[in-house]
Amino acid sequence: MMMDSWSVAGRTFNSRLIVGTGKYKDFEQNAAALEASGAQIVTVAVRRVNVSDPNAPMLTDYIDPKKITYLPNTAGCFTGDEAIRTLRLAREAGGWDLVKLEVLGEAKTLYPDMRETLKATEVLAKEGFLPMVYCADDPIAAKQLEDAGAVAIMPLGAPIGSGLGLQNKVMIRLIVEGAKVPVLVDAGVGTASDASVAMELGCDGVLMNTAIAEAKDPVMMAGAMKLAVQSGRAAYLAGRMGRRQYADPSSPLAGLI
């Protein structure tokens, strides 16, 4: 398991856990949780987190972009054009081309607008971006995004920040089976068992923010998530037993004394 790595857009990582940078009480807590998680990628909401104004506290002072891969995201964008502009600014500010695209449909559910998401993916790919794309748990839409240039598919497990866990394991599994790019569950994880379930379905990784940041002890939860992702991945590689409708004794019933 120590050698179990994954790759996206030609970049290889040993940790299959990606963590966010929102909702923490301060940058120090965020950095401590990141270290406990073992994650090598952090998502950064370009419109919300300071990564370029030296006159204000900067995330880069606490999480070194030379050691940790920054994944700028378009959190808070409700149109494709808005998301594209945001990522263009991110590239100008930090030179980032590996990005996370999310285009939200409306504020109540924060569910993705797949029409706008697909259009933005096509534009970003043509401009040389490497978009990892937040999407609905829809295997058809996932394949369309892949064809449009997405370097990773990131279906939601449940609404963003809900902590409800994976609500549609069947569709997540179908997305995994049909994808030729990495699949990472993005949104909805609430606790460690949710992360394990995602990995047991064959996902390449899990992205989370609120589940760690809003835990009573974010640093301890980050460590728990690290172990959960590792154990879920190991279980997937081991291959679970088949499900049966009736009991099957561990020892044979024939030939008893």
# chains A, B, ... in the order shown; residues from 1 in each chain; ligands from 1
call {"tool": "select_by_dssp", "arguments": {"residues": "range 30-228 of chain A", "states": "strand (DSSP E or B)", "output": "ChimeraX atom specification"}}
result
/A:41-45,69-73,98-101,104,112,130-135,152-155,183-186,205-208
call {"tool": "write_last_selection", "arguments": {"atoms": "N, CA and C atoms", "output": "mmCIF file, in the first residue's frame"}}
result
data_model
loop_
_atom_site.group_PDB
_atom_site.id
_atom_site.type_symbol
_atom_site.label_atom_id
_atom_site.label_comp_id
_atom_site.auth_asym_id
_atom_site.auth_seq_id
_atom_site.Cartn_x
_atom_site.Cartn_y
_atom_site.Cartn_z
ATOM 1 N N ILE A 41 -2.416 17.454 -2.141
ATOM 2 C CA ILE A 41 -3.142 18.447 -2.934
ATOM 3 C C ILE A 41 -4.122 19.171 -2.026
ATOM 4 N N VAL A 42 -4.179 20.494 -2.149
ATOM 5 C CA VAL A 42 -5.211 21.271 -1.457
ATOM 6 C C VAL A 42 -5.995 22.070 -2.487
ATOM 7 N N THR A 43 -7.294 22.113 -2.314
ATOM 8 C CA THR A 43 -8.112 22.963 -3.181
ATOM 9 C C THR A 43 -8.176 24.364 -2.584
ATOM 10 N N VAL A 44 -8.155 25.348 -3.456
ATOM 11 C CA VAL A 44 -8.163 26.743 -3.022
ATOM 12 C C VAL A 44 -9.247 27.489 -3.788
ATOM 13 N N ALA A 45 -10.204 28.050 -3.066
ATOM 14 C CA ALA A 45 -11.257 28.839 -3.700
ATOM 15 C C ALA A 45 -10.665 30.185 -4.100
ATOM 16 N N THR A 69 0.686 20.637 -3.792
ATOM 17 C CA THR A 69 0.062 21.063 -5.045
ATOM 18 C C THR A 69 -1.213 21.838 -4.757
ATOM 19 N N TYR A 70 -1.252 23.059 -5.237
ATOM 20 C CA TYR A 70 -2.459 23.881 -5.119
ATOM 21 C C TYR A 70 -3.389 23.565 -6.293
ATOM 22 N N LEU A 71 -4.653 23.373 -5.978
ATOM 23 C CA LEU A 71 -5.663 23.111 -6.989
ATOM 24 C C LEU A 71 -6.700 24.229 -6.929
ATOM 25 N N PRO A 72 -6.510 25.308 -7.696
ATOM 26 C CA PRO A 72 -7.481 26.409 -7.672
ATOM 27 C C PRO A 72 -8.852 25.916 -8.111
ATOM 28 N N ASN A 73 -9.890 26.366 -7.410
ATOM 29 C CA ASN A 73 -11.237 25.961 -7.809
ATOM 30 C C ASN A 73 -12.133 27.181 -7.989
ATOM 31 N N LEU A 98 -3.384 22.989 -13.662
ATOM 32 C CA LEU A 98 -4.229 21.938 -13.098
ATOM 33 C C LEU A 98 -5.229 22.625 -12.175
ATOM 34 N N VAL A 99 -6.505 22.548 -12.519
ATOM 35 C CA VAL A 99 -7.528 23.318 -11.812
ATOM 36 C C VAL A 99 -8.752 22.459 -11.542
ATOM 37 N N LYS A 100 -9.565 22.920 -10.625
ATOM 38 C CA LYS A 100 -10.844 22.254 -10.351
ATOM 39 C C LYS A 100 -11.976 23.167 -10.801
ATOM 40 N N LEU A 101 -12.768 22.665 -11.716
ATOM 41 C CA LEU A 101 -13.908 23.419 -12.241
ATOM 42 C C LEU A 101 -15.182 22.986 -11.555
ATOM 43 N N LEU A 104 -22.021 25.998 -10.402
ATOM 44 C CA LEU A 104 -23.194 25.650 -9.608
ATOM 45 C C LEU A 104 -24.483 26.091 -10.286
ATOM 46 N N PRO A 112 -24.393 20.876 -9.405
ATOM 47 C CA PRO A 112 -23.736 21.402 -10.610
ATOM 48 C C PRO A 112 -24.704 21.645 -11.764
ATOM 49 N N LEU A 130 -5.939 22.081 -17.409
ATOM 50 C CA LEU A 130 -6.142 20.661 -17.128
ATOM 51 C C LEU A 130 -7.249 20.579 -16.075
ATOM 52 N N PRO A 131 -8.511 20.581 -16.511
ATOM 53 C CA PRO A 131 -9.620 20.697 -15.556
ATOM 54 C C PRO A 131 -10.041 19.367 -14.921
ATOM 55 N N MET A 132 -10.023 19.357 -13.604
ATOM 56 C CA MET A 132 -10.653 18.298 -12.828
ATOM 57 C C MET A 132 -12.052 18.815 -12.520
ATOM 58 N N VAL A 133 -13.090 18.052 -12.875
ATOM 59 C CA VAL A 133 -14.422 18.657 -12.966
ATOM 60 C C VAL A 133 -15.424 18.052 -11.979
ATOM 61 N N TYR A 134 -15.971 18.930 -11.138
ATOM 62 C CA TYR A 134 -17.076 18.581 -10.236
ATOM 63 C C TYR A 134 -18.344 18.386 -11.066
ATOM 64 N N CYS A 135 -19.048 17.279 -10.833
ATOM 65 C CA CYS A 135 -20.198 16.979 -11.691
ATOM 66 C C CYS A 135 -21.262 16.192 -10.940
ATOM 67 N N ALA A 152 -9.966 14.678 -14.909
ATOM 68 C CA ALA A 152 -10.497 13.874 -13.813
ATOM 69 C C ALA A 152 -11.973 14.188 -13.666
ATOM 70 N N ILE A 153 -12.726 13.178 -13.269
ATOM 71 C CA ILE A 153 -14.167 13.315 -13.057
ATOM 72 C C ILE A 153 -14.411 13.287 -11.553
ATOM 73 N N MET A 154 -15.204 14.267 -11.055
ATOM 74 C CA MET A 154 -15.392 14.398 -9.617
ATOM 75 C C MET A 154 -16.879 14.456 -9.272
ATOM 76 N N PRO A 155 -17.568 13.319 -9.289
ATOM 77 C CA PRO A 155 -18.996 13.320 -8.966
ATOM 78 C C PRO A 155 -19.245 13.571 -7.484
ATOM 79 N N VAL A 183 -11.322 9.092 -11.169
ATOM 80 C CA VAL A 183 -12.617 9.466 -10.604
ATOM 81 C C VAL A 183 -12.427 9.683 -9.104
ATOM 82 N N LEU A 184 -12.820 10.863 -8.639
ATOM 83 C CA LEU A 184 -12.704 11.192 -7.221
ATOM 84 C C LEU A 184 -14.043 11.694 -6.710
ATOM 85 N N VAL A 185 -14.513 11.128 -5.617
ATOM 86 C CA VAL A 185 -15.751 11.633 -5.013
ATOM 87 C C VAL A 185 -15.477 13.006 -4.431
ATOM 88 N N ASP A 186 -16.336 13.944 -4.761
ATOM 89 C CA ASP A 186 -16.171 15.325 -4.337
ATOM 90 C C ASP A 186 -17.483 15.815 -3.741
ATOM 91 N N GLY A 205 -9.743 8.551 -5.607
ATOM 92 C CA GLY A 205 -9.490 9.406 -4.466
ATOM 93 C C GLY A 205 -10.763 10.050 -3.963
ATOM 94 N N VAL A 206 -10.605 10.850 -2.904
ATOM 95 C CA VAL A 206 -11.726 11.540 -2.282
ATOM 96 C C VAL A 206 -11.294 12.966 -1.956
ATOM 97 N N LEU A 207 -12.167 13.912 -2.242
ATOM 98 C CA LEU A 207 -11.921 15.307 -1.878
ATOM 99 C C LEU A 207 -12.919 15.709 -0.805
ATOM 100 N N MET A 208 -12.431 16.395 0.210
ATOM 101 C CA MET A 208 -13.328 16.831 1.278
ATOM 102 C C MET A 208 -12.807 18.106 1.915
#
call {"tool": "select_by_dssp", "arguments": {"residues": "range 63-139 of chain A", "states": "helix (DSSP H, G or I)", "output": "ChimeraX atom specification"}}
result
/A:80-94,114-126,139
call {"tool": "closest_residue", "arguments": {"among": "A:Arg240, A:Lys180, A:Lys66, A:Lys143", "to": "Val8 in chain A", "atoms": "only C-alpha atoms"}}
result
A:Lys180
call {"tool": "closest_residue", "arguments": {"among": "A:Glu35, A:Glu122, A:Asp194, A:Glu102", "to": "Val19 in chain A", "atoms": "only C-alpha atoms"}}
result
A:Glu35
call {"tool": "residues_around", "arguments": {"residues": "Gln167 in chain A", "least_positions_apart": "2", "cutoff": "7 Å", "atoms": "only C-alpha atoms", "output": "VMD selection string"}}
result
chain A and resid 157 to 158 165 169
call {"tool": "residues_around", "arguments": {"residues": "Ile84 in chain A", "least_positions_apart": "6", "cutoff": "8 Å", "atoms": "only C-alpha atoms", "output": "list of chain:residue names"}}
result
A:Ala120, A:Val123, A:Leu124
call {"tool": "residues_around", "arguments": {"residues": "range 218-227 of chain A", "least_positions_apart": "3", "cutoff": "8 Å", "atoms": "only C-alpha atoms", "output": "JSON, numbers by chain"}}
result
{"A": [17, 29, 32, 33, 34, 36, 37, 38, 39, 191, 192, 195, 211, 212, 213, 214, 215, 230, 231]}
call {"tool": "write_last_selection", "arguments": {"atoms": "N, CA and C atoms", "output": "PDB file, in the first residue's frame"}}
result
ATOM      1  N   LEU A  17      -6.098  11.322  -0.871  1.00  0.00           N
ATOM      2  CA  LEU A  17      -6.981  12.254  -0.174  1.00  0.00           C
ATOM      3  C   LEU A  17      -6.628  13.682  -0.579  1.00  0.00           C
ATOM      4  N   GLN A  29      -4.615  26.254  11.769  1.00  0.00           N
ATOM      5  CA  GLN A  29      -5.375  25.012  11.924  1.00  0.00           C
ATOM      6  C   GLN A  29      -5.471  24.264  10.595  1.00  0.00           C
ATOM      7  N   ALA A  32      -2.228  22.478  10.004  1.00  0.00           N
ATOM      8  CA  ALA A  32      -2.074  21.323  10.881  1.00  0.00           C
ATOM      9  C   ALA A  32      -2.934  20.151  10.413  1.00  0.00           C
ATOM     10  N   ALA A  33      -4.151  20.453   9.982  1.00  0.00           N
ATOM     11  CA  ALA A  33      -5.026  19.400   9.471  1.00  0.00           C
ATOM     12  C   ALA A  33      -4.465  18.798   8.191  1.00  0.00           C
ATOM     13  N   LEU A  34      -3.920  19.642   7.342  1.00  0.00           N
ATOM     14  CA  LEU A  34      -3.311  19.145   6.110  1.00  0.00           C
ATOM     15  C   LEU A  34      -2.181  18.175   6.418  1.00  0.00           C
ATOM     16  N   ALA A  36      -1.741  16.367   9.104  1.00  0.00           N
ATOM     17  CA  ALA A  36      -2.284  15.134   9.675  1.00  0.00           C
ATOM     18  C   ALA A  36      -2.924  14.250   8.619  1.00  0.00           C
ATOM     19  N   SER A  37      -3.489  14.877   7.586  1.00  0.00           N
ATOM     20  CA  SER A  37      -4.175  14.122   6.532  1.00  0.00           C
ATOM     21  C   SER A  37      -3.217  13.416   5.588  1.00  0.00           C
ATOM     22  N   GLY A  38      -2.003  13.914   5.505  1.00  0.00           N
ATOM     23  CA  GLY A  38      -1.047  13.360   4.549  1.00  0.00           C
ATOM     24  C   GLY A  38      -1.340  13.736   3.118  1.00  0.00           C
ATOM     25  N   ALA A  39      -2.326  14.609   2.881  1.00  0.00           N
ATOM     26  CA  ALA A  39      -2.702  14.997   1.523  1.00  0.00           C
ATOM     27  C   ALA A  39      -1.572  15.773   0.852  1.00  0.00           C
ATOM     28  N   THR A 191     -17.902  11.570   7.437  1.00  0.00           N
ATOM     29  CA  THR A 191     -17.032  10.914   8.412  1.00  0.00           C
ATOM     30  C   THR A 191     -16.183   9.867   7.702  1.00  0.00           C
ATOM     31  N   ALA A 192     -15.330   9.210   8.473  1.00  0.00           N
ATOM     32  CA  ALA A 192     -14.331   8.327   7.877  1.00  0.00           C
ATOM     33  C   ALA A 192     -14.945   7.174   7.082  1.00  0.00           C
ATOM     34  N   ALA A 195     -15.636   8.002   3.480  1.00  0.00           N
ATOM     35  CA  ALA A 195     -14.450   8.000   2.636  1.00  0.00           C
ATOM     36  C   ALA A 195     -14.059   6.579   2.249  1.00  0.00           C
ATOM     37  N   ALA A 211     -16.071  18.105   6.171  1.00  0.00           N
ATOM     38  CA  ALA A 211     -16.004  16.960   7.084  1.00  0.00           C
ATOM     39  C   ALA A 211     -14.829  17.075   8.043  1.00  0.00           C
ATOM     40  N   ILE A 212     -13.754  17.690   7.592  1.00  0.00           N
ATOM     41  CA  ILE A 212     -12.592  17.905   8.461  1.00  0.00           C
ATOM     42  C   ILE A 212     -12.711  19.229   9.196  1.00  0.00           C
ATOM     43  N   ALA A 213     -12.968  20.299   8.455  1.00  0.00           N
ATOM     44  CA  ALA A 213     -12.946  21.648   9.037  1.00  0.00           C
ATOM     45  C   ALA A 213     -14.002  21.848  10.108  1.00  0.00           C
ATOM     46  N   GLU A 214     -15.161  21.194   9.989  1.00  0.00           N
ATOM     47  CA  GLU A 214     -16.228  21.381  10.968  1.00  0.00           C
ATOM     48  C   GLU A 214     -16.290  20.271  12.009  1.00  0.00           C
ATOM     49  N   ALA A 215     -15.323  19.362  11.992  1.00  0.00           N
ATOM     50  CA  ALA A 215     -15.249  18.358  13.051  1.00  0.00           C
ATOM     51  C   ALA A 215     -14.897  19.048  14.367  1.00  0.00           C
ATOM     52  N   GLN A 230      -6.999   5.003   3.063  1.00  0.00           N
ATOM     53  CA  GLN A 230      -6.050   3.900   2.881  1.00  0.00           C
ATOM     54  C   GLN A 230      -6.724   2.550   3.063  1.00  0.00           C
ATOM     55  N   SER A 231      -7.575   2.416   4.086  1.00  0.00           N
ATOM     56  CA  SER A 231      -8.227   1.126   4.327  1.00  0.00           C
ATOM     57  C   SER A 231      -9.247   0.804   3.245  1.00  0.00           C
TER      58      SER A 231
END
